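Shown next, in structure tokens, is the structure this report addresses.
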Amino acid sequence: MKKILIATEKPFAKEAVENIENIGKNAGYEVIKLEKYTTKEQLLEAVASVDAMIIRSDIADKDVLTAAKNLKIVVRAGAGFDNIDLAAATENNIVAMNTPGQNSNAVAELAFAMMLYSARGGFDGKTGTELRDKTLGIHAYGNVGKYVAQIAKGFGMKLYAFDPFIKDSDIEADGIIPVHSVEDLYRNCQYVSLHIPANDKTKKSINKNLMGLMPKNAVLVNTARKEVIDEDGLIAIMCERPDFKYLSDIAPECAHIFEEKFPNRYVFTPKKMGAQTEEANINAGIAAVNQIIAFFEKGDVKFKVN
Ligand code: 3PG
């Protein structure tokens with residue numbers, strides 16, 4: 001009987017796990033759990049004998065993938081796969097997949113939760129501001145960006161998007177103004193919501209020059225990855241521009257400087273919270289186990305990323 005390991009340092013909701021277990025069991029697989037683990041050794045031990053693995057932001061590096069002697073497939077239940085060493089996966093004949101779109105609405109809703117919380121001054125009793133009529137730039141118009149746009153329309157925001165991989169006509173069809181350079185997006189928009197992946201090209205790409213283009217009372221919203229921000233540039237902008245705010249799903253490395261120097265100008269989640277809803281966990285978890293079964297039973301590699 002093939003074994004599927006669910007390795008989640010940040011566990012899925014109970015119902016999501018039950019769904020994964022039932023689907024796996026009914027298809028003739030054994031489902032094993034390693035939840036809330038605290039050391040890499042625990043993961044190395046757990047992967048040693050399994051055929052498939054479902055992870056979230058868990059690190060599947062060379063050590064893990066090499067220790068997993070029987071592993072044929074690792075599925076990142078979520079969008080970003082920057083936590084998987086793809087070269088090591090390929091070297092070890094392991095297929096790596098993600099489950100695009102399955103947790104996108106949850107991430108988009110969190111972007112608005114942070115925007116509203118910040119616009120109302122953290123509910124401190126003082127006068128805040130509204131989102132209506134404000135400009136919002138969507139940096140990358142993928143699965144999350146599209147949900148962000150849908151929600152933003154409900155708030156009456158004016159929408160712009162930058163995505164070189166999507167046709168203008170598709171962006172316009174959604175009632176959004178396409179812009180053709182990242183600089184134009186930042187120049188036009190008081191709010192910018194980031195939805196780019198973290199890779200060699202994008203890491204530290206959101207730099208001081210770009211942030212400096214944003215108009216007065218700028219708010220940069222990062223539900224993507226902290227690594228895409230040039231943190232030195234961010235600190236410099238926060239120092240130069242007392243009107244600039246930064247909202248991020250998971251604190252940046254320089255969070256202590258924010259605490260000291262920029263009170264009330266940031267919102268940071270204590271853990272990565274974007275996809276942390278029951279619905280997102282269920283959607284992504286079920287997609288992951290189904291992709292594993294389809295891979296073993298039919299050789300389906302539709303969502304392969306390596
Ligand atoms: C993703 O890439 O799908 C999100 O960042 C969610 O990450 P998580 O599963 O660790 O919450």
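As shown in the structure tokens, the chain order sets the letters A, B, ...; within each chain, residues go from 1, and ligands are also counted from 1 in the order they appear.
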Can I get the residues of chain A within 8 Å of ligand 1, each with the closest pair of atoms and their distance in Å to one decimal, using only C-alpha atoms and all ligand atoms, sorted chain first then ascending number, as a tab-separated table?
```
residue	atom	partner	partner_atom_place_in_ligand_line	distance
A:Lys10	CA	ligand 1	10 (O)	7.0
A:Ile55	CA	ligand 1	9 (O)	7.7
A:Arg56	CA	ligand 1	9 (O)	4.1
A:Ser57	CA	ligand 1	10 (O)	3.9
A:Asp58	CA	ligand 1	10 (O)	7.1
A:Arg76	CA	ligand 1	9 (O)	7.8
A:Ala77	CA	ligand 1	9 (O)	6.3
A:Gly78	CA	ligand 1	3 (O)	3.3
A:Ala79	CA	ligand 1	3 (O)	3.7
A:Gly80	CA	ligand 1	2 (O)	3.5
A:Phe81	CA	ligand 1	2 (O)	6.7
A:Thr99	CA	ligand 1	3 (O)	8.0
A:Pro100	CA	ligand 1	3 (O)	7.7
A:Asn103	CA	ligand 1	3 (O)	6.2
A:Ser104	CA	ligand 1	3 (O)	7.4
A:Val107	CA	ligand 1	4 (C)	7.4
A:Thr223	CA	ligand 1	5 (O)	7.5
A:Ala224	CA	ligand 1	5 (O)	6.5
A:Arg225	CA	ligand 1	5 (O)	7.2
A:Lys272	CA	ligand 1	11 (O)	5.7
A:Met273	CA	ligand 1	11 (O)	5.9
A:Gly274	CA	ligand 1	6 (C)	6.0
A:Ala275	CA	ligand 1	11 (O)	4.5
A:Gln276	CA	ligand 1	11 (O)	5.6
A:Asn281	CA	ligand 1	9 (O)	7.8
```
Would you mind exporting the chosen residues as a compact mmCIF listing (two decimals), in the first residue's frame, restricted to N, CA and C atoms?
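Result file out.txt:
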```txt
# COMPACT_ATOMS: atom_id res chain seq x y z
N LYS A 10 2.41 24.00 9.99
CA LYS A 10 1.18 24.76 10.30
C LYS A 10 0.03 23.91 9.78
N ILE A 55 2.60 19.13 1.37
CA ILE A 55 3.17 20.14 2.27
C ILE A 55 2.48 21.48 2.06
N ARG A 56 2.73 22.41 2.99
CA ARG A 56 2.28 23.80 2.80
C ARG A 56 3.54 24.64 2.57
N SER A 57 3.87 25.53 3.52
CA SER A 57 5.11 26.29 3.35
C SER A 57 6.32 25.51 3.88
N ASP A 58 6.11 24.26 4.20
CA ASP A 58 7.17 23.41 4.74
C ASP A 58 8.33 23.33 3.76
N ARG A 76 2.71 20.77 -3.13
CA ARG A 76 2.59 21.94 -2.27
C ARG A 76 1.10 22.35 -2.34
N ALA A 77 0.37 22.13 -1.25
CA ALA A 77 -1.05 22.49 -1.22
C ALA A 77 -1.14 24.01 -1.11
N GLY A 78 -1.06 24.66 -2.24
CA GLY A 78 -1.05 26.12 -2.28
C GLY A 78 -0.45 26.58 -3.58
N ALA A 79 -0.13 27.87 -3.63
CA ALA A 79 0.30 28.46 -4.90
C ALA A 79 1.82 28.49 -5.04
N GLY A 80 2.49 29.14 -4.08
CA GLY A 80 3.93 29.38 -4.19
C GLY A 80 4.71 28.12 -3.89
N PHE A 81 5.68 27.80 -4.76
CA PHE A 81 6.49 26.58 -4.54
C PHE A 81 7.94 26.94 -4.33
N THR A 99 -1.05 23.56 -6.20
CA THR A 99 -2.50 23.47 -6.43
C THR A 99 -3.01 24.89 -6.71
N PRO A 100 -2.69 25.43 -7.89
CA PRO A 100 -2.98 26.85 -8.13
C PRO A 100 -4.46 27.19 -8.01
N ASN A 103 -6.40 28.31 -2.88
CA ASN A 103 -6.50 29.10 -1.65
C ASN A 103 -6.52 30.61 -1.95
N SER A 104 -6.75 30.97 -3.21
CA SER A 104 -6.58 32.37 -3.63
C SER A 104 -7.57 33.33 -2.99
N VAL A 107 -6.50 34.40 0.48
CA VAL A 107 -5.39 35.36 0.47
C VAL A 107 -5.92 36.76 0.12
N THR A 223 0.79 40.25 0.46
CA THR A 223 0.35 38.91 0.84
C THR A 223 1.08 37.88 -0.02
N ALA A 224 2.15 38.33 -0.68
CA ALA A 224 2.92 37.42 -1.55
C ALA A 224 4.02 36.75 -0.72
N ARG A 225 5.23 37.27 -0.80
CA ARG A 225 6.34 36.72 -0.02
C ARG A 225 7.18 37.87 0.49
N LYS A 272 2.20 33.17 8.72
CA LYS A 272 1.60 33.40 7.41
C LYS A 272 0.13 32.96 7.47
N MET A 273 -0.77 33.93 7.29
CA MET A 273 -2.19 33.69 7.56
C MET A 273 -3.06 33.71 6.31
N GLY A 274 -2.50 34.10 5.17
CA GLY A 274 -3.31 34.30 3.96
C GLY A 274 -4.21 33.12 3.65
N ALA A 275 -3.65 31.94 3.64
CA ALA A 275 -4.41 30.76 3.23
C ALA A 275 -5.00 30.02 4.43
N GLN A 276 -4.99 30.68 5.59
CA GLN A 276 -5.37 29.98 6.81
C GLN A 276 -6.88 30.08 7.07
N ASN A 281 -8.03 25.53 3.18
CA ASN A 281 -7.38 24.27 3.57
C ASN A 281 -8.07 23.08 2.92
```
Using only C-alpha atoms, which protein or nucleic acid residues come within 9 Å of A:Asp82? Drop anything in the same chain fewer than 5 positions from it, and give the result as a short mmCIF file (atom, residue, chain, number, x, y, z; two decimals) with C-alpha atoms, in the first residue's frame.
```
data_model
loop_
_atom_site.label_atom_id
_atom_site.label_comp_id
_atom_site.auth_asym_id
_atom_site.auth_seq_id
_atom_site.Cartn_x
_atom_site.Cartn_y
_atom_site.Cartn_z
CA SER A 57 5.11 26.29 3.35
CA ILE A 59 10.72 23.36 3.44
CA PRO A 197 5.96 34.80 -6.81
CA ALA A 198 9.34 34.75 -5.05
CA ASN A 199 12.06 33.67 -7.46
#
```
Problem set entry | helix (DSSP H, G or I) call set, DSSP backbone run, stretch 102-300 of chain A, as a PyMOL selection string | chain A and resi 104-119+143-154+168-173+182-188+208-212+226-228+231-240+255-261+278-298
Problem set entry | Polymer residues at most 7 Å from stretch 163-177 of chain A, only C-alpha atoms, same-chain spacing of 4 or more positions, as an NGL selection string | :A and (139-141 or 159)
Exercise. Taking only C-alpha atoms into account, which of A:Lys261, A:Lys72, A:Lys271, A:Lys208 comes nearest A:Ala236?
Worked result: A:Lys208
Exercise. Could you state the separation of atom CA of A:Leu65 and atom CA of A:Lys14 in Å, given to one decimal place?
Worked result: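 A separation of 26.7 Å between them.
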For this session: For atom CA of A:Ala287 and atom CA of A:Thr8, quote the distance in Å rounded to one decimal.
Result: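 For atom CA of A:Ala287 relative to atom CA of A:Thr8, the distance reads 15.7 Å.
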Exercise. Pick from A:Lys2, A:Arg187, A:Lys226, A:Lys304: nearest to A:Ile206, with only C-alpha atoms counted?
Worked result: A:Lys226
